[in-house]
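Below is one structure; the comments refer to it alone.
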Amino acid sequence: MVHRVTSLHRRRTTIGKPDDSPTLAVTFPNPSAPAEADFRPPPVRSGFVDRLELIETLTTTDADVITLTAPTGYGKTTTLAQWARVQPQPLAWLSLRRDDNVAKTFLSRLAASMRRAGIMTLEDVAVFQFMSDAPAVSEGAIQFARRLEMVADGPVTIVIDEANVLRSRAVVDIIAELVRQLEGQARFAFASHATPKIRLPAIRARGGLLEITAEHLAFSIGEVEQLVDGMGLDPKIAADIVESTEGWPVATFLTAIAAREGKLDPAKSHIEGQRHLHEFVKSEIVPHLSKQRRTFLTRVSLLEQMSGPLCDAVTGADGSQRLLESLDRDTHLIHHIDHDNTWFVMGRVLREALSAEFEHHEPEAARAVHRSAAAWYGANGLLLQAIGHALKAADAEAFVSLMELLIKDRYTSGHVADVLNWMDWLESNISLDKYSRLAAIGALVHIQEGNVLGAERWLDAASRGPADADAAAVIGLVRASATRAGVEQMIRDIDSAVEAAHSGSRWLPGILVVKGLAHLMDGDDDLAEASYAEAARLGLENQSVVAVIRALGQRALIALARQDWDLAGSLADQALSIIDENGLDGYHASGPPLVAAARCARHNNDILGAQRLLARAARVRPLLGVAIPGEGVRILLEMARAHIELSDVAGARPLIREAEEIILQRPDLGVLPAGVAAAKESLAGLGQGRVALPGLTKAELRVLPLLATHMSFPEIGEQLFVSRHTIKSQATSIYRKLSSSTRSEAIAKAYEIGLLSQ
């Protein structure tokens with residue numbers, strides 16, 4: 001049985017005093033050091049992380065051969081040095097050098113390490129120093145084994161560090177023979193950057209092998225918590241450090257040091273300014289690579305995942321699959337992520353360091369790699385990966401082609417952030433007039449996100465562009481949604497959109513949703529319900545989940561108006577399952593079904609459930625404004641009615657006020673203004689009512705999700721285009737309304753009541 005480490009329960013670690021300067025958990029050979037230093041474990045200095053679980057595994061295993069295989073910086077030598085301190089058996093240590101590839105030299109130095117451990121004598125060492133230059137493998141190994149048997153009182157441990165320098169077939173054969181000859185008498189431990197060139201299959205087959213890899217040597221969150229705590233930092237940053245460094249010990253130390261010196265915020269997903277970390281990669285990783293491997297890894301570092309055909313495409317050379325497999329096997333700087341060695345990944349820190357160097361020194365070559373990657377991904381149907389590389393290559397033509405294929409499905413499936421990032425780049429780099437269909441889609445996205453000015457810019461560009469049936473359908477949809485000229489014109493606009501959209505159009509579900517809203521605003525609930533039902537059916541067919549949610553939610557609200565509680569509950573439940581499955585809380589489409597579900601819960605006397613659902617629905621309020629006046633007023637009105645049914649005056653009042661503000665700017669909204677007036681009258685009849693939920697303003701609801709991040713007040717203000725003082729004031733108000741005294745308490749309360757979701 002192979003003693004492969006598969007799971008190590010991580011214990012809390014021991015760190016030096018807080019004022020100690022931590023030393024990297026890795027030791028490098030010093031070519032100028034005296035030979036004696038090669039025969040003893042390096043000292044373990046204050047500040048190291050004690051690898052207690054690994055040490056216990058090494059101490060208790062009955063394996064004859066132990067291998068620690070990982071790239072530089074994973075603390076292989078340090079782990080073995082810590083083990084040596086507690087190893088009950090006599091232990092000989094040998095750090096290999098390149099000249100140890102001569103059989104005579106290797107045997108004499110191995111004997112010298114035995115002498116320093118008190119196992120062999122100077123006479124034993126001399127035997128191997130003066131043997132012939134090319135001893136037979138069996139002769140040298142047998143002689144060494146016999147002398148060890150003569151002088152050793154019991155089992156010994158032999159640690160061979162830097163085993164990656166082995167190149168000699170003769171020395172490899174000697175080690176294999178020693179392992180065979182000394183079975184039961186000596187345990188061997190090898191530390192190497194690459195898989196040691198010793199014969200492992202036979203040892204593995206007889207169950208005498210313990211393999212420890214980078215996966216096991218990587219720091220756990222618990223270990224990093226102790227490390228940063230010992231450096232006087234907040235242990236809460238440990239998770240961010242582990243995520244950014246993937247537990248690579250040397251990267252973890254350098255990141256923690258940078259955080260302590262105020263040079264780095266570990267919560268930022270892209271590690272910028274880690275000069276020391278990048279220098280470590282350049283000085284300790286890259287020099288050990290051949291020129292071919294170094295050039296190859298530099299170019300493919302721009303890829304999040306690598307395959308042979310993809311790397312062939314971006315490097316312009318054949319043979320990438322063999323090179324990937326050899327790098328995986330020999331260096332462990334990359335590793336395969338599937339069973340058939342098709343796809344590989346590079347460690348995040350190494351990839352970021354290499355790609356930063358590449359893009360800095362060879363920007364044109366880097367863009368060429370991105371262009372080639374975009375073309376390869378596109379040709380293989382991996383459009384999301386393709387558009388990411390087209391963006392990095394600044395290839396406008398390829399980017400537009402891919403965006404036209406992706407934008408609708410990406411937006412309607414809830415990936416709004418991706419779409420908005422694409423649109424920002426597009427508007428900054430090309431003339432929108434050339435792409436009427438894409439400009440129309442962008443206008444629709446802006447209007448759904450409440451950005452009136454953005455919607456007008458993109459709609460104007462779409463109107464100036466070349467005629468296109470798809471563009472005409474979307475333009476009609478945008479104009480109807482904006483409702484700038486009243487309900488009658490809204491109906492005409494949406495009818496033109498229906499006419500322009502062919503029967504299989506991907507836009508038809510969304511168009512029918514807005515047509516249902518137009519009929520609803522016109523006072524015809526039957527026609528509205530029919531349009532919504534058809535929109536939901538078509539949306540399910542072409543996976544337009546946003547249209548489906550909107551249609552189901554509005555149908556549920558119509559059912560509530562008819563007092564059909566069973567149908568309303570069923571429709572709302574269907575919509576909520578889609579929202580939860582796709583993580584669409586906070587999108588404006590989630591408002592109607594959440595409100596309908598809340599009102600159903602209130603009808604069933606589930607007051608707490610109703611309050612939680614309304615808290616979730618409140619997250620859409622920042623999106624409800626004059627950009628989509630009909631839908632905005634409709635959702636605000638239904639939310640207000642739900643709060644009124646809970647006698648929650650404080651919760652209903654701002655909703656009525658926000659609806660009235662929209663009506664002031666767009667007064668011709670059919671029956672909706674009368675509904676708002678009736679709700680306001682009902683609210684007045686409640687008197688003081690009672691407070692059921694904290695009444696956060698729209699501005700506070702915008703700030704709340706950002707408070708749940710690691711962003712500072714100035715960073716939040718920068719993102720929302722307001723001052724840090726405004727953010728601080730709004731945050732203080734949020735704390736007060738949530739009965740909390742700190743940011744963390746407020747966020748916990750927001751999660752508890754449903755204002756935030758995981």
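By order in the structure tokens, chains are A, B, ...; within a chain, residues start at 1; ligands start at 1, following the order shown.
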
If we count only C-alpha atoms and set the cut-off at 12 Å, which residues sit around Gly717 in chain A, ignoring sequence neighbours fewer than 5 positions away in its own chain? Please answer as a ChimeraX atom specification. /A:699,702-703,706-707,711-712,722-731

Contacts of range 677-688 of chain A at 7 Å or less, counting only C-alpha atoms, minus same-chain residues fewer than 3 places along, as a ChimeraX atom specification? /A:641,644,647,649,656,673-674

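Distances from A:Val548, A:Ala176, A:Leu696, A:Ile628 to Gln448 in chain A were compared using only C-alpha atoms, and the smallest one belongs to A:Ile628.
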
Which parts of range 16-250 of chain A does DSSP call helix (DSSP H, G or I) when run on the backbone here, written out as a short mmCIF file (atom, residue, chain, number, x, y, z; two decimals) with N, CA and C atoms, in the first residue's frame?
```cif
data_model
loop_
_atom_site.label_atom_id
_atom_site.label_comp_id
_atom_site.auth_asym_id
_atom_site.auth_seq_id
_atom_site.Cartn_x
_atom_site.Cartn_y
_atom_site.Cartn_z
N ALA A 35 31.63 22.30 3.31
CA ALA A 35 30.98 21.01 3.11
C ALA A 35 30.26 20.54 4.36
N GLU A 36 30.79 20.89 5.54
CA GLU A 36 30.18 20.45 6.79
C GLU A 36 28.71 20.85 6.86
N ALA A 37 28.35 22.00 6.27
CA ALA A 37 26.96 22.47 6.33
C ALA A 37 26.03 21.54 5.57
N ASP A 38 26.56 20.76 4.64
CA ASP A 38 25.73 19.82 3.89
C ASP A 38 25.35 18.60 4.70
N PHE A 39 25.96 18.43 5.88
CA PHE A 39 25.77 17.22 6.67
C PHE A 39 24.92 17.44 7.91
N LEU A 52 3.13 20.76 12.64
CA LEU A 52 2.94 19.69 13.61
C LEU A 52 2.31 18.45 13.01
N GLU A 53 1.30 18.63 12.17
CA GLU A 53 0.64 17.46 11.60
C GLU A 53 1.54 16.74 10.62
N LEU A 54 2.28 17.50 9.81
CA LEU A 54 3.22 16.87 8.90
C LEU A 54 4.31 16.12 9.66
N ILE A 55 4.79 16.74 10.73
CA ILE A 55 5.85 16.09 11.53
C ILE A 55 5.33 14.79 12.13
N GLU A 56 4.10 14.81 12.61
CA GLU A 56 3.53 13.59 13.18
C GLU A 56 3.40 12.50 12.12
N THR A 57 3.00 12.90 10.92
CA THR A 57 2.89 11.93 9.83
C THR A 57 4.25 11.32 9.51
N LEU A 58 5.28 12.15 9.44
CA LEU A 58 6.62 11.65 9.15
C LEU A 58 7.13 10.75 10.26
N THR A 59 6.80 11.09 11.49
CA THR A 59 7.31 10.33 12.64
C THR A 59 6.64 8.97 12.77
N THR A 60 5.37 8.89 12.46
CA THR A 60 4.61 7.66 12.71
C THR A 60 4.53 6.73 11.52
N LYS A 76 10.09 22.40 2.08
CA LYS A 76 10.45 20.98 2.18
C LYS A 76 11.62 20.78 3.16
N THR A 77 12.68 21.57 2.96
CA THR A 77 13.86 21.44 3.81
C THR A 77 13.52 21.78 5.26
N THR A 78 12.74 22.84 5.43
CA THR A 78 12.37 23.25 6.79
C THR A 78 11.53 22.19 7.48
N THR A 79 10.61 21.58 6.76
CA THR A 79 9.78 20.52 7.35
C THR A 79 10.66 19.35 7.79
N LEU A 80 11.61 18.96 6.95
CA LEU A 80 12.51 17.87 7.32
C LEU A 80 13.41 18.27 8.49
N ALA A 81 13.83 19.53 8.53
CA ALA A 81 14.66 20.01 9.65
C ALA A 81 13.87 19.96 10.95
N GLN A 82 12.59 20.33 10.90
CA GLN A 82 11.76 20.25 12.10
C GLN A 82 11.57 18.79 12.52
N TRP A 83 11.41 17.92 11.54
CA TRP A 83 11.28 16.49 11.83
C TRP A 83 12.57 15.95 12.47
N ALA A 84 13.72 16.40 11.96
CA ALA A 84 15.00 15.92 12.48
C ALA A 84 15.16 16.24 13.97
N ARG A 85 14.57 17.35 14.40
CA ARG A 85 14.70 17.73 15.82
C ARG A 85 14.01 16.75 16.73
N VAL A 86 12.96 16.08 16.25
CA VAL A 86 12.18 15.19 17.12
C VAL A 86 12.31 13.73 16.70
N ARG A 98 25.90 19.32 -7.22
CA ARG A 98 25.98 18.77 -8.57
C ARG A 98 27.09 17.72 -8.70
N ASP A 99 28.22 17.90 -7.95
CA ASP A 99 29.30 16.93 -8.10
C ASP A 99 28.98 15.60 -7.43
N ASP A 100 27.84 15.53 -6.73
CA ASP A 100 27.42 14.25 -6.16
C ASP A 100 26.88 13.29 -7.22
N ASN A 101 26.85 13.72 -8.48
CA ASN A 101 26.44 12.83 -9.56
C ASN A 101 27.55 11.85 -9.93
N ALA A 103 29.56 8.67 -8.69
CA ALA A 103 29.24 7.61 -7.72
C ALA A 103 30.16 7.63 -6.52
N LYS A 104 31.46 7.76 -6.77
CA LYS A 104 32.44 7.77 -5.68
C LYS A 104 32.20 8.95 -4.75
N THR A 105 31.96 10.11 -5.31
CA THR A 105 31.72 11.31 -4.50
C THR A 105 30.45 11.16 -3.67
N PHE A 106 29.41 10.66 -4.30
CA PHE A 106 28.14 10.49 -3.58
C PHE A 106 28.31 9.56 -2.38
N LEU A 107 28.94 8.40 -2.60
CA LEU A 107 29.09 7.44 -1.52
C LEU A 107 29.97 7.99 -0.39
N SER A 108 31.04 8.70 -0.74
CA SER A 108 31.92 9.24 0.30
C SER A 108 31.22 10.33 1.09
N ARG A 109 30.45 11.17 0.42
CA ARG A 109 29.74 12.24 1.15
C ARG A 109 28.59 11.67 1.97
N LEU A 110 27.95 10.62 1.46
CA LEU A 110 26.90 9.98 2.26
C LEU A 110 27.50 9.35 3.51
N ALA A 111 28.69 8.77 3.37
CA ALA A 111 29.38 8.21 4.54
C ALA A 111 29.78 9.32 5.51
N ALA A 112 30.20 10.48 4.97
CA ALA A 112 30.56 11.61 5.83
C ALA A 112 29.35 12.09 6.63
N SER A 113 28.16 12.07 6.00
CA SER A 113 26.96 12.48 6.74
C SER A 113 26.67 11.47 7.85
N MET A 114 26.97 10.19 7.58
CA MET A 114 26.79 9.16 8.61
C MET A 114 27.78 9.38 9.76
N ARG A 115 28.98 9.79 9.40
CA ARG A 115 29.99 10.05 10.45
C ARG A 115 29.54 11.19 11.34
N ARG A 116 29.03 12.27 10.72
CA ARG A 116 28.60 13.41 11.54
C ARG A 116 27.44 13.03 12.46
N LEU A 122 35.61 7.84 10.66
CA LEU A 122 36.45 8.46 9.64
C LEU A 122 37.05 7.39 8.73
N GLU A 123 37.33 6.23 9.28
CA GLU A 123 37.85 5.12 8.48
C GLU A 123 36.84 4.68 7.43
N ASP A 124 35.57 4.65 7.84
CA ASP A 124 34.52 4.27 6.88
C ASP A 124 34.46 5.27 5.73
N VAL A 125 34.58 6.54 6.07
CA VAL A 125 34.53 7.58 5.04
C VAL A 125 35.70 7.41 4.08
N ALA A 126 36.88 7.10 4.64
CA ALA A 126 38.07 6.97 3.80
C ALA A 126 37.94 5.82 2.81
N VAL A 127 37.25 4.76 3.20
CA VAL A 127 37.06 3.62 2.30
C VAL A 127 36.43 4.07 0.99
N PHE A 128 35.45 4.95 1.09
CA PHE A 128 34.75 5.37 -0.12
C PHE A 128 35.49 6.51 -0.83
N GLN A 129 36.26 7.29 -0.08
CA GLN A 129 37.03 8.36 -0.72
C GLN A 129 38.12 7.80 -1.62
N VAL A 137 27.90 -0.51 -9.50
CA VAL A 137 26.77 -0.10 -8.67
C VAL A 137 26.59 -1.06 -7.51
N SER A 138 26.51 -2.32 -7.82
CA SER A 138 26.27 -3.30 -6.76
C SER A 138 27.42 -3.33 -5.77
N GLU A 139 28.65 -3.18 -6.27
CA GLU A 139 29.82 -3.20 -5.38
C GLU A 139 29.77 -2.06 -4.37
N GLY A 140 29.54 -0.82 -4.85
CA GLY A 140 29.51 0.33 -3.96
C GLY A 140 28.36 0.27 -2.98
N ALA A 141 27.18 -0.09 -3.46
CA ALA A 141 26.00 -0.13 -2.58
C ALA A 141 26.13 -1.24 -1.55
N ILE A 142 26.61 -2.42 -2.00
CA ILE A 142 26.73 -3.55 -1.07
C ILE A 142 27.77 -3.24 0.00
N GLN A 143 28.86 -2.64 -0.41
CA GLN A 143 29.91 -2.31 0.57
C GLN A 143 29.40 -1.29 1.58
N PHE A 144 28.64 -0.28 1.11
CA PHE A 144 28.09 0.72 2.02
C PHE A 144 27.10 0.07 2.98
N ALA A 145 26.24 -0.79 2.45
CA ALA A 145 25.23 -1.44 3.29
C ALA A 145 25.89 -2.32 4.35
N ARG A 146 26.94 -3.03 3.97
CA ARG A 146 27.60 -3.91 4.94
C ARG A 146 28.27 -3.11 6.05
N ARG A 147 28.93 -2.02 5.71
CA ARG A 147 29.59 -1.21 6.73
C ARG A 147 28.55 -0.60 7.66
N LEU A 148 27.39 -0.20 7.10
CA LEU A 148 26.33 0.36 7.95
C LEU A 148 25.80 -0.70 8.90
N GLU A 149 25.64 -1.92 8.40
CA GLU A 149 25.15 -3.00 9.26
C GLU A 149 26.12 -3.28 10.41
N MET A 150 27.39 -3.11 10.14
CA MET A 150 28.41 -3.39 11.15
C MET A 150 28.42 -2.36 12.26
N VAL A 151 28.13 -1.09 11.93
CA VAL A 151 28.32 -0.02 12.92
C VAL A 151 27.01 0.49 13.52
N ALA A 163 17.43 16.58 -3.82
CA ALA A 163 17.57 15.39 -4.66
C ALA A 163 17.34 15.69 -6.12
N ASN A 164 16.82 16.86 -6.41
CA ASN A 164 16.56 17.24 -7.81
C ASN A 164 17.86 17.43 -8.61
N VAL A 165 19.03 17.53 -7.93
CA VAL A 165 20.28 17.71 -8.68
C VAL A 165 20.78 16.39 -9.28
N ARG A 169 22.96 8.25 -13.86
CA ARG A 169 22.28 6.95 -13.83
C ARG A 169 22.92 6.05 -12.78
N ALA A 170 24.26 6.15 -12.66
CA ALA A 170 24.97 5.30 -11.70
C ALA A 170 24.56 5.61 -10.27
N VAL A 171 24.45 6.91 -9.94
CA VAL A 171 24.08 7.29 -8.57
C VAL A 171 22.63 6.90 -8.30
N VAL A 172 21.76 7.08 -9.28
CA VAL A 172 20.36 6.66 -9.11
C VAL A 172 20.28 5.16 -8.85
N ASP A 173 21.09 4.40 -9.60
CA ASP A 173 21.09 2.95 -9.40
C ASP A 173 21.63 2.58 -8.01
N ILE A 174 22.64 3.32 -7.55
CA ILE A 174 23.19 3.07 -6.22
C ILE A 174 22.12 3.30 -5.15
N ILE A 175 21.37 4.41 -5.28
CA ILE A 175 20.32 4.71 -4.30
C ILE A 175 19.27 3.62 -4.30
N ALA A 176 18.88 3.16 -5.50
CA ALA A 176 17.88 2.10 -5.58
C ALA A 176 18.38 0.83 -4.90
N GLU A 177 19.66 0.52 -5.12
CA GLU A 177 20.23 -0.68 -4.50
C GLU A 177 20.33 -0.52 -2.98
N LEU A 178 20.70 0.69 -2.52
CA LEU A 178 20.76 0.93 -1.07
C LEU A 178 19.39 0.77 -0.43
N VAL A 179 18.35 1.31 -1.08
CA VAL A 179 17.00 1.16 -0.54
C VAL A 179 16.64 -0.31 -0.43
N ARG A 180 17.02 -1.09 -1.46
CA ARG A 180 16.71 -2.52 -1.43
C ARG A 180 17.51 -3.25 -0.35
N GLN A 181 18.84 -2.96 -0.31
CA GLN A 181 19.71 -3.65 0.63
C GLN A 181 19.37 -3.32 2.09
N LEU A 200 10.87 4.76 -7.98
CA LEU A 200 9.75 4.73 -7.05
C LEU A 200 8.72 3.65 -7.34
N PRO A 201 8.49 3.26 -8.61
CA PRO A 201 7.39 2.32 -8.87
C PRO A 201 7.47 1.04 -8.06
N ALA A 202 8.67 0.45 -7.96
CA ALA A 202 8.79 -0.80 -7.22
C ALA A 202 8.51 -0.58 -5.73
N ILE A 203 9.02 0.54 -5.21
CA ILE A 203 8.78 0.86 -3.79
C ILE A 203 7.31 1.11 -3.56
N ARG A 204 6.69 1.84 -4.48
CA ARG A 204 5.26 2.11 -4.37
C ARG A 204 4.45 0.82 -4.44
N ALA A 205 4.85 -0.08 -5.32
CA ALA A 205 4.11 -1.33 -5.52
C ALA A 205 4.12 -2.20 -4.27
N ALA A 214 3.08 19.30 -2.87
CA ALA A 214 2.78 20.71 -2.61
C ALA A 214 1.42 20.88 -1.96
N GLU A 215 0.49 20.02 -2.33
CA GLU A 215 -0.86 20.11 -1.74
C GLU A 215 -0.81 19.97 -0.23
N HIS A 216 0.07 19.11 0.27
CA HIS A 216 0.15 18.88 1.71
C HIS A 216 1.07 19.88 2.40
N LEU A 217 2.05 20.40 1.66
CA LEU A 217 2.98 21.37 2.23
C LEU A 217 2.41 22.78 2.26
N ILE A 221 -5.45 27.64 6.43
CA ILE A 221 -5.92 28.92 7.00
C ILE A 221 -5.52 29.02 8.47
N GLY A 222 -5.62 27.91 9.20
CA GLY A 222 -5.24 27.94 10.62
C GLY A 222 -3.78 28.30 10.82
N GLU A 223 -2.92 27.77 9.97
CA GLU A 223 -1.50 28.09 10.08
C GLU A 223 -1.23 29.55 9.74
N VAL A 224 -1.91 30.04 8.72
CA VAL A 224 -1.71 31.44 8.34
C VAL A 224 -2.28 32.37 9.40
N GLU A 225 -3.38 31.97 10.02
CA GLU A 225 -3.93 32.79 11.11
C GLU A 225 -2.90 32.96 12.22
N GLN A 226 -2.23 31.89 12.57
CA GLN A 226 -1.21 31.97 13.61
C GLN A 226 -0.01 32.81 13.15
N LEU A 227 0.33 32.67 11.88
CA LEU A 227 1.45 33.45 11.34
C LEU A 227 1.16 34.94 11.42
N VAL A 228 0.02 35.36 10.91
CA VAL A 228 -0.27 36.80 10.88
C VAL A 228 -0.53 37.33 12.28
N ASP A 229 -1.08 36.49 13.15
CA ASP A 229 -1.27 36.92 14.53
C ASP A 229 0.09 37.15 15.20
N GLY A 230 1.04 36.26 14.93
CA GLY A 230 2.38 36.44 15.48
C GLY A 230 3.09 37.65 14.92
N PRO A 235 -5.94 38.31 12.37
CA PRO A 235 -6.05 36.96 11.80
C PRO A 235 -7.15 36.83 10.75
N LYS A 236 -8.07 37.80 10.70
CA LYS A 236 -9.15 37.72 9.71
C LYS A 236 -8.65 37.83 8.28
N ILE A 237 -7.43 38.37 8.10
CA ILE A 237 -6.91 38.49 6.73
C ILE A 237 -6.33 37.17 6.23
N ALA A 238 -6.28 36.16 7.10
CA ALA A 238 -5.66 34.89 6.71
C ALA A 238 -6.34 34.28 5.50
N ALA A 239 -7.67 34.30 5.48
CA ALA A 239 -8.39 33.68 4.36
C ALA A 239 -8.05 34.36 3.05
N ASP A 240 -7.93 35.69 3.07
CA ASP A 240 -7.58 36.42 1.84
C ASP A 240 -6.16 36.07 1.39
N ILE A 241 -5.25 35.93 2.36
CA ILE A 241 -3.87 35.60 2.00
C ILE A 241 -3.80 34.20 1.40
N VAL A 242 -4.50 33.25 2.02
CA VAL A 242 -4.49 31.89 1.50
C VAL A 242 -5.09 31.85 0.09
N GLU A 243 -6.16 32.60 -0.12
CA GLU A 243 -6.79 32.62 -1.44
C GLU A 243 -5.84 33.19 -2.49
N SER A 244 -5.13 34.25 -2.14
CA SER A 244 -4.27 34.91 -3.13
C SER A 244 -2.97 34.17 -3.37
N THR A 245 -2.51 33.40 -2.39
CA THR A 245 -1.22 32.69 -2.54
C THR A 245 -1.39 31.19 -2.71
N PRO A 249 3.94 28.53 0.89
CA PRO A 249 4.51 29.13 2.11
C PRO A 249 5.32 30.39 1.88
N VAL A 250 6.25 30.39 0.89
CA VAL A 250 7.08 31.57 0.70
C VAL A 250 6.22 32.76 0.28
#
```

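Using only C-alpha atoms, the protein and nucleic acid residues lying no more than 10 Å from Gln574 in chain A, apart from those fewer than 2 places from it along its own chain, are Val548, Ile549, Leu552, Gly553, Gly569, Ser570, Leu571, Ala572, Leu576, Ser577, Ile578, Ile579 and Pro593 of chain A.
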
Distance query Ile334 in chain A at most 8 Å, only C-alpha atoms, self and fewer than 6 positions along chain excluded, as a count of residues only: 7

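What separates CA of Leu432 in chain A from CA of Gln665 in chain A is a distance of 28.6 Å.
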
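Distances from A:Ile158, A:Ala63, A:Val671, A:Ala152 to Asp522 in chain A were compared using only C-alpha atoms, and the smallest one belongs to A:Val671.
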
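CA of Gly586 in chain A is found 25.6 Å from CA of Glu427 in chain A.
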
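Excluding Pro363 in chain A itself and same-chain residues fewer than 5 positions from it, the residues having an atom within 12 Å of it are A:Arg299, A:Leu302, A:Ser355, A:Ala356, A:Glu357, A:Phe358, A:Ala368, A:Val369, A:His370, A:Lys392, A:Ala393, A:Ala394, counting only C-alpha atoms.
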
Go ahead and write the selection's residues with N, CA and C atoms as a PDB file, in the first residue's frame.
```pdb
ATOM      1  N   ARG A 299       4.968  32.637 -21.757  1.00  0.00           N
ATOM      2  CA  ARG A 299       3.884  32.920 -22.698  1.00  0.00           C
ATOM      3  C   ARG A 299       2.549  32.335 -22.243  1.00  0.00           C
ATOM      4  N   LEU A 302      -0.291  33.762 -19.437  1.00  0.00           N
ATOM      5  CA  LEU A 302      -1.454  34.606 -19.703  1.00  0.00           C
ATOM      6  C   LEU A 302      -2.742  33.792 -19.771  1.00  0.00           C
ATOM      7  N   SER A 355       3.340  36.630 -15.846  1.00  0.00           N
ATOM      8  CA  SER A 355       2.533  37.421 -16.785  1.00  0.00           C
ATOM      9  C   SER A 355       2.810  38.913 -16.627  1.00  0.00           C
ATOM     10  N   ALA A 356       3.039  39.364 -15.387  1.00  0.00           N
ATOM     11  CA  ALA A 356       3.349  40.780 -15.172  1.00  0.00           C
ATOM     12  C   ALA A 356       4.657  41.149 -15.864  1.00  0.00           C
ATOM     13  N   GLU A 357       5.661  40.294 -15.736  1.00  0.00           N
ATOM     14  CA  GLU A 357       6.934  40.544 -16.409  1.00  0.00           C
ATOM     15  C   GLU A 357       6.755  40.555 -17.929  1.00  0.00           C
ATOM     16  N   PHE A 358       6.020  39.589 -18.430  1.00  0.00           N
ATOM     17  CA  PHE A 358       5.808  39.461 -19.871  1.00  0.00           C
ATOM     18  C   PHE A 358       5.097  40.692 -20.428  1.00  0.00           C
ATOM     19  N   ALA A 368      -0.407  39.612 -28.666  1.00  0.00           N
ATOM     20  CA  ALA A 368      -0.492  38.579 -29.701  1.00  0.00           C
ATOM     21  C   ALA A 368      -0.922  37.235 -29.104  1.00  0.00           C
ATOM     22  N   VAL A 369      -0.401  36.922 -27.904  1.00  0.00           N
ATOM     23  CA  VAL A 369      -0.819  35.693 -27.222  1.00  0.00           C
ATOM     24  C   VAL A 369      -2.316  35.740 -26.926  1.00  0.00           C
ATOM     25  N   HIS A 370      -2.800  36.878 -26.414  1.00  0.00           N
ATOM     26  CA  HIS A 370      -4.226  37.006 -26.120  1.00  0.00           C
ATOM     27  C   HIS A 370      -5.068  36.879 -27.395  1.00  0.00           C
ATOM     28  N   LYS A 392      -8.419  41.611 -23.453  1.00  0.00           N
ATOM     29  CA  LYS A 392      -7.041  41.866 -23.040  1.00  0.00           C
ATOM     30  C   LYS A 392      -6.136  42.161 -24.236  1.00  0.00           C
ATOM     31  N   ALA A 393      -6.523  41.642 -25.398  1.00  0.00           N
ATOM     32  CA  ALA A 393      -5.745  41.925 -26.601  1.00  0.00           C
ATOM     33  C   ALA A 393      -6.121  43.257 -27.221  1.00  0.00           C
ATOM     34  N   ALA A 394      -7.171  43.905 -26.673  1.00  0.00           N
ATOM     35  CA  ALA A 394      -7.694  45.151 -27.250  1.00  0.00           C
ATOM     36  C   ALA A 394      -8.066  44.946 -28.721  1.00  0.00           C
TER      37      ALA A 394
END
```

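If you count only C-alpha atoms and ignore residues fewer than 6 places along the chain from range 397-402 of chain A, what sits within 9 Å of it is Arg371, Ala374, Ala375, Gly378, Leu383, Leu384, Ala386, Ile387, Gly388, His389, Ala390, Leu391, Trp422, Leu426, Tyr435 and Leu438 of chain A.
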
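Note that the spacing between CA of Phe296 in chain A and CA of Asp318 in chain A amounts to 11.6 Å.
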
Residue contacts of Glu541 in chain A (10 Å, only C-alpha atoms) excluding same-chain residues fewer than 6 positions away, as number ranges by chain: A: 506, 509, 535, 548

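Proximity of A:Gly381, A:Leu94, A:Arg187, A:Phe130 to Asp161 in chain A, computed with only C-alpha atoms, is greatest for A:Leu94.
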
Have a look at A:Gly504, A:Gly73, A:Gly247, A:Pro155 and name the one nearest to Gln87 in chain A; count only C-alpha atoms. A:Pro155

Nearest to Val487 in chain A, restricted to only C-alpha atoms and choosing among A:Arg293, A:Arg464, A:His415, A:Lys515, comes out as A:Lys515

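Remark: for Pro88 in chain A, the closest of the candidate residues A:Thr67, A:Ala627, A:Met231, A:Val156 is A:Val156 (distances computed over only C-alpha atoms).
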
Residues of range 211-316 of chain A in strand (DSSP E or B) according to DSSP, as a count of residues only? 5
